[in-house]
file final-v5.cif (mmCIF, C-alpha atoms and all ligand atoms)
data_upload
#
loop_
_atom_site.label_atom_id
_atom_site.label_comp_id
_atom_site.auth_asym_id
_atom_site.auth_seq_id
_atom_site.Cartn_x
_atom_site.Cartn_y
_atom_site.Cartn_z
CA MET F 1 -54.49 199.00 98.77
CA SER F 2 -51.76 199.24 96.15
CA GLU F 3 -51.88 202.11 93.67
CA THR F 4 -51.44 199.87 90.69
CA GLY F 5 -52.42 196.31 89.97
CA GLN F 6 -51.49 193.68 87.40
CA VAL F 7 -53.50 192.54 84.40
CA ALA F 8 -52.46 189.57 82.26
CA VAL F 9 -53.12 191.16 78.88
CA PHE F 10 -54.27 188.94 76.00
CA THR F 11 -52.02 189.79 73.05
CA GLY F 12 -53.19 187.34 70.39
CA VAL F 13 -53.84 183.78 69.28
CA ARG F 14 -51.50 181.37 71.08
CA ARG F 15 -49.28 184.31 72.01
CA SER F 16 -47.88 184.91 75.47
CA PHE F 17 -49.96 186.99 77.84
CA GLU F 18 -48.25 190.20 78.93
CA LEU F 19 -48.26 191.23 82.59
CA ARG F 20 -48.92 194.97 82.79
CA GLU F 21 -49.57 197.38 85.65
CA PHE F 22 -52.54 199.74 85.61
CA PRO F 23 -53.78 202.30 88.14
CA VAL F 24 -56.36 200.88 90.55
CA PRO F 25 -59.63 202.83 90.14
CA ALA F 26 -61.82 204.07 92.99
CA PRO F 27 -65.34 202.71 92.51
CA ALA F 28 -67.92 205.27 91.29
CA ALA F 29 -71.36 205.35 92.93
CA GLY F 30 -72.97 201.93 92.90
CA ALA F 31 -69.79 200.07 91.93
CA ILE F 32 -67.53 197.73 93.92
CA LEU F 33 -63.79 197.33 93.57
CA VAL F 34 -62.98 193.62 93.86
CA LYS F 35 -59.67 192.02 94.70
CA VAL F 36 -59.65 188.86 92.56
CA ARG F 37 -58.79 185.79 94.65
CA MET F 38 -59.07 183.18 91.92
CA ALA F 39 -59.63 183.24 88.15
CA ASN F 40 -60.15 180.09 86.10
CA VAL F 41 -59.51 179.07 82.52
CA CYS F 42 -62.94 178.35 81.08
CA GLY F 43 -63.51 176.55 77.77
CA SER F 44 -64.58 179.89 76.23
CA ASP F 45 -61.24 181.44 77.18
CA LEU F 46 -59.45 178.54 75.48
CA HIS F 47 -61.55 179.12 72.34
CA ILE F 48 -60.41 182.76 72.32
CA TRP F 49 -56.76 181.85 72.95
CA ARG F 50 -56.82 179.20 70.18
CA GLY F 51 -58.38 181.68 67.77
CA ASP F 52 -61.65 179.75 67.34
CA TYR F 53 -63.59 182.65 68.80
CA ASP F 54 -62.58 186.05 67.45
CA VAL F 55 -62.59 188.91 69.94
CA SER F 56 -60.22 191.15 67.96
CA ARG F 57 -62.92 193.35 66.34
CA GLY F 58 -60.65 193.83 63.38
CA GLN F 59 -57.53 194.81 65.37
CA SER F 60 -54.22 193.27 64.44
CA GLU F 61 -51.88 191.45 66.83
CA PRO F 62 -50.43 192.12 69.29
CA PHE F 63 -53.75 193.01 70.93
CA CYS F 64 -54.18 194.73 74.23
CA LEU F 65 -57.33 192.97 75.40
CA SER F 66 -58.79 191.58 78.61
CA ILE F 67 -60.19 188.07 78.76
CA GLY F 68 -61.24 185.72 81.56
CA HIS F 69 -64.63 185.73 83.25
CA GLU F 70 -64.84 182.83 85.72
CA MET F 71 -63.67 184.11 89.11
CA ALA F 72 -64.24 184.79 92.78
CA GLY F 73 -62.96 187.74 94.77
CA GLU F 74 -63.19 189.83 97.89
CA ILE F 75 -64.40 193.38 98.37
CA ALA F 76 -61.48 195.83 98.26
CA GLN F 77 -63.58 198.99 98.29
CA LEU F 78 -67.31 199.74 98.41
CA SER F 79 -68.67 202.91 96.86
CA GLU F 80 -71.12 205.09 98.68
CA GLY F 81 -74.58 203.59 98.76
CA VAL F 82 -73.51 199.97 98.24
CA THR F 83 -74.46 198.23 101.46
CA HIS F 84 -76.03 194.88 100.51
CA ASP F 85 -75.65 192.10 97.97
CA THR F 86 -78.37 191.06 95.49
CA ALA F 87 -79.94 188.76 98.10
CA GLY F 88 -80.06 191.56 100.71
CA GLU F 89 -77.09 190.38 102.79
CA PRO F 90 -74.97 193.21 104.24
CA LEU F 91 -71.62 193.78 102.53
CA SER F 92 -68.32 194.90 104.07
CA VAL F 93 -64.76 195.33 102.85
CA GLY F 94 -63.02 191.93 102.94
CA ASP F 95 -66.17 189.88 102.29
CA ARG F 96 -65.66 187.14 99.72
CA ILE F 97 -68.06 187.49 96.78
CA VAL F 98 -69.04 186.02 93.43
CA TYR F 99 -70.82 188.00 90.74
CA GLN F 100 -72.17 187.92 87.20
CA TYR F 101 -69.34 188.61 84.75
CA PHE F 102 -71.84 190.31 82.43
CA CYS F 103 -74.04 193.30 83.07
CA PRO F 104 -77.59 193.33 81.71
CA CYS F 105 -78.47 196.95 80.81
CA GLY F 106 -81.92 196.81 82.42
CA THR F 107 -83.57 199.03 79.84
CA CYS F 108 -83.42 197.29 76.44
CA ARG F 109 -86.30 195.25 75.01
CA SER F 110 -84.83 191.95 76.27
CA CYS F 111 -84.23 193.33 79.75
CA LEU F 112 -87.69 194.88 79.95
CA ARG F 113 -89.20 191.53 79.02
CA ARG F 114 -87.35 189.99 81.95
CA SER F 115 -85.06 188.00 79.72
CA THR F 116 -81.84 189.54 81.04
CA PRO F 117 -79.57 186.67 79.95
CA ARG F 118 -80.17 187.72 76.35
CA CYS F 119 -79.41 191.42 76.79
CA PRO F 120 -77.39 192.24 73.64
CA ASP F 121 -75.50 194.91 75.54
CA ALA F 122 -74.43 192.83 78.54
CA LEU F 123 -70.70 192.96 77.73
CA ARG F 124 -70.55 196.73 77.14
CA PHE F 125 -68.09 197.20 80.01
CA ARG F 126 -65.46 194.85 78.54
CA TYR F 127 -63.02 197.68 77.66
CA PRO F 128 -59.40 197.04 76.71
CA PRO F 129 -57.32 197.16 79.90
CA ASP F 130 -55.46 200.32 78.87
CA GLN F 131 -58.78 202.17 79.17
CA TYR F 132 -60.35 203.20 82.47
CA PRO F 133 -61.30 201.41 84.73
CA HIS F 134 -58.66 198.92 83.44
CA PHE F 135 -59.86 195.91 85.45
CA ASN F 136 -62.86 194.42 83.70
CA ALA F 137 -62.00 190.75 83.26
CA ALA F 138 -60.80 187.89 85.43
CA TYR F 139 -57.08 187.73 84.63
CA GLY F 140 -55.99 190.59 86.81
CA GLN F 141 -55.50 191.45 90.47
CA TYR F 142 -58.65 193.59 90.58
CA TYR F 143 -62.08 193.62 89.00
CA TYR F 144 -64.36 196.62 88.65
CA LEU F 145 -67.89 195.46 89.43
CA ASN F 146 -70.46 197.75 87.86
CA PRO F 147 -73.87 198.57 89.25
CA GLY F 148 -76.33 196.09 87.70
CA GLN F 149 -74.09 193.03 87.99
CA ALA F 150 -75.67 190.60 90.47
CA VAL F 151 -73.33 189.95 93.42
CA PHE F 152 -73.57 187.40 96.24
CA LYS F 153 -71.58 186.86 99.40
CA ILE F 154 -69.85 183.47 99.47
CA PRO F 155 -71.02 181.29 102.40
CA PRO F 156 -68.19 180.84 104.95
CA ASN F 157 -68.08 177.07 104.43
CA VAL F 158 -67.45 177.42 100.67
CA PRO F 159 -63.70 177.73 99.99
CA ASP F 160 -62.36 179.63 96.96
CA ASP F 161 -61.74 176.40 95.03
CA LEU F 162 -65.47 175.69 95.12
CA ALA F 163 -66.65 179.27 94.65
CA GLY F 164 -64.34 179.95 91.66
CA PRO F 165 -66.42 178.08 89.05
CA ALA F 166 -69.78 179.32 90.40
CA ASN F 167 -70.17 182.44 88.24
CA CYS F 168 -69.70 180.68 84.91
CA ALA F 169 -69.73 176.89 84.80
CA LEU F 170 -72.12 176.08 87.64
CA ALA F 171 -74.59 178.98 87.28
CA GLN F 172 -74.63 178.44 83.51
CA VAL F 173 -75.69 174.80 83.65
CA ILE F 174 -78.30 175.61 86.32
CA GLU F 175 -79.79 178.17 83.91
CA ALA F 176 -79.69 175.63 81.06
CA PHE F 177 -81.55 172.91 82.95
CA ARG F 178 -84.06 175.40 84.35
CA ARG F 179 -84.79 176.78 80.89
CA GLY F 180 -85.07 173.26 79.52
CA GLY F 181 -87.52 172.22 82.25
CA VAL F 182 -85.35 169.26 83.21
CA GLY F 183 -86.63 167.44 86.29
CA LEU F 184 -87.75 164.34 88.11
CA GLY F 185 -87.34 161.08 86.22
CA ASP F 186 -85.80 162.64 83.11
CA GLN F 187 -82.93 160.98 81.27
CA VAL F 188 -80.17 163.39 80.27
CA VAL F 189 -77.17 163.21 77.95
CA ILE F 190 -74.24 165.59 78.53
CA GLN F 191 -71.96 166.10 75.50
CA GLY F 192 -68.57 167.09 76.93
CA ALA F 193 -67.02 166.40 80.36
CA GLY F 194 -65.15 169.68 80.82
CA GLY F 195 -65.93 172.17 83.58
CA LEU F 196 -69.52 172.77 82.54
CA GLY F 197 -70.24 169.10 81.89
CA ILE F 198 -68.91 168.00 85.28
CA ASN F 199 -70.90 170.66 87.14
CA ALA F 200 -73.97 169.68 85.11
CA ILE F 201 -73.85 166.15 86.53
CA ALA F 202 -74.39 167.45 90.08
CA VAL F 203 -77.15 169.82 88.99
CA ALA F 204 -78.96 167.11 87.00
CA ARG F 205 -78.82 164.72 89.96
CA GLU F 206 -80.15 167.39 92.34
CA LEU F 207 -83.04 168.02 89.94
CA GLY F 208 -84.09 164.38 90.19
CA VAL F 209 -82.80 163.16 86.83
CA SER F 210 -83.02 159.35 86.72
CA GLN F 211 -80.15 158.67 84.31
CA ILE F 212 -77.13 160.80 83.40
CA ILE F 213 -75.08 159.78 80.36
CA VAL F 214 -71.84 161.67 79.66
CA ILE F 215 -69.91 161.61 76.38
CA ASP F 216 -66.27 162.66 75.95
CA GLY F 217 -63.08 161.78 74.12
CA ILE F 218 -60.79 161.62 77.17
CA GLU F 219 -61.12 158.64 79.53
CA SER F 220 -59.76 160.49 82.59
CA ARG F 221 -62.50 163.09 82.20
CA LEU F 222 -65.14 160.35 82.00
CA GLU F 223 -63.67 158.70 85.08
CA PHE F 224 -64.13 162.00 86.92
CA ALA F 225 -67.68 162.21 85.52
CA ARG F 226 -68.46 158.79 87.04
CA GLU F 227 -67.03 159.92 90.38
CA PHE F 228 -69.34 162.93 90.16
CA GLY F 229 -72.31 160.61 89.70
CA ALA F 230 -72.67 159.96 85.97
CA ASP F 231 -74.56 156.67 85.53
CA GLU F 232 -73.12 155.84 82.11
CA THR F 233 -70.25 157.21 80.05
CA ILE F 234 -69.53 156.94 76.34
CA LEU F 235 -65.89 157.17 75.24
CA LEU F 236 -65.43 158.35 71.67
CA ALA F 237 -62.70 155.77 71.01
CA GLU F 238 -65.15 152.97 71.86
CA PHE F 239 -67.99 154.50 69.86
CA PRO F 240 -66.08 156.24 67.07
CA ASP F 241 -68.92 157.14 64.72
CA PRO F 242 -71.94 159.33 65.51
CA GLN F 243 -74.47 156.61 64.67
CA SER F 244 -72.91 154.19 67.15
CA ARG F 245 -73.17 156.85 69.87
CA VAL F 246 -76.82 157.52 69.02
CA GLU F 247 -77.54 153.78 69.18
CA ARG F 248 -75.74 153.49 72.51
CA VAL F 249 -77.86 156.30 73.99
CA LYS F 250 -81.04 154.67 72.65
CA GLN F 251 -79.98 151.36 74.16
CA LEU F 252 -79.26 152.94 77.55
CA THR F 253 -82.58 154.82 77.59
CA GLY F 254 -84.82 151.81 76.92
CA GLY F 255 -85.07 152.61 73.23
CA CYS F 256 -86.59 156.08 73.80
CA GLY F 257 -83.73 158.53 73.71
CA ALA F 258 -82.95 161.30 76.19
CA ASP F 259 -85.44 163.90 77.47
CA ALA F 260 -82.69 166.50 77.25
CA VAL F 261 -79.23 166.68 75.68
CA LEU F 262 -76.88 169.35 77.00
CA GLU F 263 -74.17 170.44 74.57
CA VAL F 264 -71.11 171.67 76.47
CA SER F 265 -68.35 170.30 74.25
CA GLY F 266 -68.10 173.46 72.15
CA LEU F 267 -68.08 171.37 68.95
CA ALA F 268 -70.56 172.15 66.19
CA THR F 269 -70.17 168.65 64.76
CA VAL F 270 -71.89 167.04 67.77
CA VAL F 271 -75.19 168.89 67.23
CA PRO F 272 -76.78 166.56 64.63
CA GLU F 273 -76.07 163.41 66.68
CA GLY F 274 -77.29 165.19 69.82
CA LEU F 275 -80.62 165.91 68.15
CA GLU F 276 -80.91 162.25 67.18
CA MET F 277 -80.25 161.20 70.77
CA LEU F 278 -83.41 163.01 71.94
CA CYS F 279 -86.65 161.19 72.64
CA PRO F 280 -89.80 162.50 70.94
CA GLY F 281 -90.61 165.82 72.60
CA GLY F 282 -87.06 166.17 73.93
CA THR F 283 -85.07 169.39 74.21
CA TYR F 284 -81.58 170.14 72.96
CA LEU F 285 -79.79 172.62 75.23
CA GLU F 286 -77.12 174.43 73.20
CA VAL F 287 -74.59 176.13 75.47
CA GLY F 288 -71.06 175.31 74.31
CA ASN F 289 -70.96 176.42 70.67
CA ILE F 290 -69.84 180.02 71.09
CA ASN F 291 -67.59 180.03 68.01
CA GLN F 292 -69.08 181.85 65.08
CA GLY F 293 -69.16 180.58 61.51
CA LYS F 294 -69.36 176.81 62.07
CA ARG F 295 -71.84 174.92 59.89
CA VAL F 296 -73.54 171.57 60.35
CA GLU F 297 -76.23 169.77 58.40
CA VAL F 298 -79.47 169.12 60.22
CA ASP F 299 -82.65 167.54 58.89
CA PRO F 300 -85.32 169.90 60.28
CA SER F 301 -88.07 167.31 59.82
CA VAL F 302 -86.49 165.50 62.79
CA LEU F 303 -87.63 168.46 64.90
CA VAL F 304 -91.14 168.58 63.42
CA HIS F 305 -91.93 164.86 63.42
CA GLY F 306 -90.20 164.34 66.74
CA GLY F 307 -91.68 167.43 68.43
CA LYS F 308 -88.14 168.30 69.49
CA SER F 309 -86.88 171.73 70.54
CA ILE F 310 -83.53 173.48 70.45
CA LEU F 311 -82.78 176.14 73.06
CA GLY F 312 -79.73 178.39 72.78
CA ILE F 313 -78.57 179.52 76.20
CA MET F 314 -76.05 182.17 77.15
CA TRP F 315 -75.66 183.84 80.56
CA TYR F 316 -78.08 183.35 83.42
CA GLU F 317 -80.55 184.95 85.80
CA PRO F 318 -79.14 186.09 89.19
CA VAL F 319 -81.03 183.32 90.99
CA CYS F 320 -78.85 180.72 89.23
CA LEU F 321 -75.73 182.13 90.89
CA GLN F 322 -77.50 182.15 94.25
CA LEU F 323 -78.56 178.51 93.73
CA ALA F 324 -75.00 177.63 92.73
CA LEU F 325 -73.69 178.91 96.08
CA GLU F 326 -76.41 177.04 97.97
CA LEU F 327 -75.49 173.83 96.19
CA LEU F 328 -71.78 174.29 96.98
CA SER F 329 -72.56 175.11 100.60
CA THR F 330 -74.83 172.12 101.23
CA LYS F 331 -73.64 169.35 98.88
CA SER F 332 -69.86 169.47 98.77
CA ASP F 333 -69.80 166.20 100.73
CA VAL F 334 -71.89 164.53 97.99
CA TYR F 335 -70.05 165.80 94.90
CA PRO F 336 -66.24 166.25 94.64
CA PHE F 337 -66.50 169.94 93.62
CA SER F 338 -63.14 170.60 95.28
CA ARG F 339 -61.38 168.48 92.64
CA ILE F 340 -62.66 170.41 89.60
CA LEU F 341 -59.87 172.96 89.92
CA SER F 342 -57.11 170.41 89.67
CA HIS F 343 -54.13 172.76 89.21
CA HIS F 344 -53.26 176.23 90.54
CA TYR F 345 -50.87 178.74 88.97
CA PRO F 346 -49.69 182.23 89.91
CA LEU F 347 -50.83 184.86 87.40
CA CYS F 348 -47.30 185.06 85.95
CA ASP F 349 -47.66 181.42 84.84
CA ILE F 350 -50.85 182.04 82.88
CA ASP F 351 -49.23 180.84 79.63
CA GLN F 352 -48.49 177.47 81.21
CA ALA F 353 -52.05 177.27 82.57
CA PHE F 354 -53.46 177.71 79.06
CA LEU F 355 -51.00 175.23 77.53
CA ASP F 356 -51.84 172.59 80.15
CA GLN F 357 -55.59 172.98 79.82
CA ASP F 358 -55.31 173.06 76.02
CA SER F 359 -53.53 169.69 76.06
CA GLY F 360 -56.33 168.17 78.15
CA THR F 361 -54.02 167.18 81.00
CA VAL F 362 -55.71 169.68 83.32
CA GLN F 363 -59.46 169.63 83.97
CA ARG F 364 -59.69 173.33 84.84
CA ALA F 365 -56.74 175.56 85.65
CA ALA F 366 -57.05 178.13 88.45
CA LEU F 367 -54.98 181.32 88.49
CA LEU F 368 -54.08 182.97 91.77
CA PRO F 369 -53.46 186.67 90.99
CA TRP F 370 -51.83 187.40 94.35
CA ALA F 371 -49.56 184.35 94.60
CA GLU F 372 -45.84 184.79 94.02
ZN ZN F 401 -67.08 180.47 81.04
ZN ZN F 402 -80.52 194.99 78.19
#

call {"tool": "encode", "arguments": {"input": "final-v5.cif", "output": "structure tokens", "more": "lines below"}}
Ligand SMILES: [Zn+2]
Ligand SMILES: [Zn+2]
result
Amino acid sequence: MSETGQVAVFTGVRRSFELREFPVPAPAAGAILVKVRMANVCGSDLHIWRGDYDVSRGQSEPFCLSIGHEMAGEIAQLSEGVTHDTAGEPLSVGDRIVYQYFCPCGTCRSCLRRSTPRCPDALRFRYPPDQYPHFNAAYGQYYYLNPGQAVFKIPPNVPDDLAGPANCALAQVIEAFRRGGVGLGDQVVIQGAGGLGINAIAVARELGVSQIIVIDGIESRLEFAREFGADETILLAEFPDPQSRVERVKQLTGGCGADAVLEVSGLATVVPEGLEMLCPGGTYLEVGNINQGKRVEVDPSVLVHGGKSILGIMWYEPVCLQLALELLSTKSDVYPFSRILSHHYPLCDIDQAFLDQDSGTVQRAALLPWAE
């Protein structure tokens, strides 16, 4: 193993990342040192890079911060006592793994009530990269996996391109649909055909959803959604105002509306129309709006009279990551998962990866930290 490894340091809004070398840490008891094989640009990372989502904590630019959370890796070094993954499978150096990018503390009120995805302290290990253990985000050659972060061995038939989006996009939408009780015969609307939205199509279909309607502003993304199994798509240019989109959903759902609407566009403005798209008793699954400070107007009587619910969902239970791997291992012939990561870049081209995904020309950019 090399003595130092690279981190692509986030220096500020729309600024260039800076490639810096840091000493590679030996894992303390219970931890695993991971060699990152692939790290993707998730919508949340774009929000941070664009400045929509402030991670500066009052610091001024240029920052020295780590970002990136969607990734897959291989075990570089196991600490003493770490012998098995979360599912009880034996672990060895060189095994390919995926893992939660957050770390529920296990002792707070949320954790004790078995609601680990809401642990307020789950990102406590996201130190700046100039602090030990330096490697605590995806955009680097290593990742320091702390005790308490669920970890699973990647099945041999799941290549990196499929495993890469498992620990954010895929596991996240599995958690959302599980929490929302989505199942057999339901009709579902997905707002946003980015990485999460595309993965959600496969999950909804596997759950027995009878109709999947996907909304987006980019036709190529909707075309991909249809290839993934979306039954109907709604292009913003064809239905430019919110009311026309609500009417279209009502029309497609036999006048009832959708049993669940999944918000993965990251836009606050789509929330009111999403609530209107729900059938009486339906559930709005809010996942994408991570940016603070956005305001929308909602008539709360719509919730009361319609018996509708809103669920906010962040992070996921370990089982969702395990289910994500199972889905990738058994259904990659049914869904074109391998095409989600459309473009690959070496870590030194991270700026280009962000620019390309920002412009919408790339579905989801994958960074290869060890490629030249
Ligand atoms: Zn993500
Ligand atoms: Zn906790």

call {"tool": "residues_near_ligand", "arguments": {"input": "final-v5.cif", "ligand": "ligand ZN 401 (chain F)", "cutoff": "9 Å", "atoms": "only C-alpha atoms and all ligand atoms", "output": "number ranges by chain"}}
result
F: 40-45, 68-70, 165, 167-169, 172, 195-196

call {"tool": "residues_around", "arguments": {"input": "final-v5.cif", "residues": "Thr107 of chain F", "least_positions_apart": "4", "cutoff": "10 Å", "atoms": "only C-alpha atoms", "output": "PyMOL selection string"}}
result
chain F and resi 111-113+116+119

call {"tool": "write_last_selection", "arguments": {"input": "final-v5.cif", "atoms": "C-alpha atoms", "output": "mmCIF file, in the frame of the given file"}}
result
data_model
loop_
_atom_site.group_PDB
_atom_site.id
_atom_site.type_symbol
_atom_site.label_atom_id
_atom_site.label_comp_id
_atom_site.auth_asym_id
_atom_site.auth_seq_id
_atom_site.Cartn_x
_atom_site.Cartn_y
_atom_site.Cartn_z
ATOM 1 C CA CYS F 111 -84.230 193.330 79.750
ATOM 2 C CA LEU F 112 -87.690 194.880 79.950
ATOM 3 C CA ARG F 113 -89.200 191.530 79.020
ATOM 4 C CA THR F 116 -81.840 189.540 81.040
ATOM 5 C CA CYS F 119 -79.410 191.420 76.790
#

call {"tool": "residues_near_ligand", "arguments": {"input": "final-v5.cif", "ligand": "ligand ZN 402 (chain F)", "cutoff": "10 Å", "atoms": "all atoms listed in the file", "output": "list in words"}}
result
Cys103, Pro104, Cys105, Gly106, Thr107, Cys108, Arg109, Ser110, Cys111, Leu112, Arg113, Arg114, Ser115, Thr116, Pro117, Arg118, Cys119, Pro120, Asp121 and Ala122 of chain F

call {"tool": "closest_residue", "arguments": {"input": "final-v5.cif", "among": "F:Val362, F:Val246, F:Val296, F:Ala200", "to": "Glu273 of chain F", "atoms": "only C-alpha atoms"}}
result
F:Val246

call {"tool": "closest_residue", "arguments": {"input": "final-v5.cif", "among": "F:Asp95, F:Asp231, F:Glu372, F:Asp351", "to": "Trp49 of chain F", "atoms": "all atoms listed in the file"}}
result
F:Asp351

call {"tool": "decode", "arguments": {"input": "final-v5.cif", "residues": "segment 353-366 of chain F", "atoms": "N, CA and C atoms", "output": "PDB file, in the first residue's frame"}}
result
ATOM      1  N   ALA F 353     -16.088  16.281 -14.749  1.00  0.00           N
ATOM      2  CA  ALA F 353     -17.214  15.414 -14.383  1.00  0.00           C
ATOM      3  C   ALA F 353     -18.363  16.245 -13.815  1.00  0.00           C
ATOM      4  N   PHE F 354     -18.033  17.201 -12.958  1.00  0.00           N
ATOM      5  CA  PHE F 354     -19.079  18.054 -12.376  1.00  0.00           C
ATOM      6  C   PHE F 354     -19.704  18.953 -13.443  1.00  0.00           C
ATOM      7  N   LEU F 355     -18.875  19.523 -14.310  1.00  0.00           N
ATOM      8  CA  LEU F 355     -19.402  20.404 -15.356  1.00  0.00           C
ATOM      9  C   LEU F 355     -20.357  19.628 -16.267  1.00  0.00           C
ATOM     10  N   ASP F 356     -19.965  18.416 -16.646  1.00  0.00           N
ATOM     11  CA  ASP F 356     -20.789  17.624 -17.567  1.00  0.00           C
ATOM     12  C   ASP F 356     -22.105  17.207 -16.915  1.00  0.00           C
ATOM     13  N   GLN F 357     -22.045  16.814 -15.644  1.00  0.00           N
ATOM     14  CA  GLN F 357     -23.302  16.407 -15.006  1.00  0.00           C
ATOM     15  C   GLN F 357     -24.186  17.629 -14.727  1.00  0.00           C
ATOM     16  N   ASP F 358     -23.553  18.747 -14.425  1.00  0.00           N
ATOM     17  CA  ASP F 358     -24.298  19.990 -14.184  1.00  0.00           C
ATOM     18  C   ASP F 358     -25.077  20.405 -15.435  1.00  0.00           C
ATOM     19  N   SER F 359     -24.482  20.201 -16.603  1.00  0.00           N
ATOM     20  CA  SER F 359     -25.140  20.623 -17.846  1.00  0.00           C
ATOM     21  C   SER F 359     -26.236  19.656 -18.260  1.00  0.00           C
ATOM     22  N   GLY F 360     -26.326  18.508 -17.604  1.00  0.00           N
ATOM     23  CA  GLY F 360     -27.391  17.548 -17.920  1.00  0.00           C
ATOM     24  C   GLY F 360     -27.032  16.604 -19.054  1.00  0.00           C
ATOM     25  N   THR F 361     -25.822  16.745 -19.614  1.00  0.00           N
ATOM     26  CA  THR F 361     -25.444  15.870 -20.727  1.00  0.00           C
ATOM     27  C   THR F 361     -25.052  14.485 -20.235  1.00  0.00           C
ATOM     28  N   VAL F 362     -24.725  14.378 -18.945  1.00  0.00           N
ATOM     29  CA  VAL F 362     -24.310  13.101 -18.368  1.00  0.00           C
ATOM     30  C   VAL F 362     -25.303  12.708 -17.281  1.00  0.00           C
ATOM     31  N   GLN F 363     -25.808  11.480 -17.365  1.00  0.00           N
ATOM     32  CA  GLN F 363     -26.782  10.982 -16.387  1.00  0.00           C
ATOM     33  C   GLN F 363     -26.175  10.945 -14.983  1.00  0.00           C
ATOM     34  N   ARG F 364     -25.061  10.241 -14.854  1.00  0.00           N
ATOM     35  CA  ARG F 364     -24.340  10.158 -13.582  1.00  0.00           C
ATOM     36  C   ARG F 364     -22.882   9.883 -13.896  1.00  0.00           C
ATOM     37  N   ALA F 365     -22.014  10.779 -13.464  1.00  0.00           N
ATOM     38  CA  ALA F 365     -20.590  10.658 -13.758  1.00  0.00           C
ATOM     39  C   ALA F 365     -19.917   9.784 -12.710  1.00  0.00           C
ATOM     40  N   ALA F 366     -19.031   8.887 -13.163  1.00  0.00           N
ATOM     41  CA  ALA F 366     -18.285   8.021 -12.254  1.00  0.00           C
ATOM     42  C   ALA F 366     -16.819   8.413 -12.279  1.00  0.00           C
TER      43      ALA F 366
END
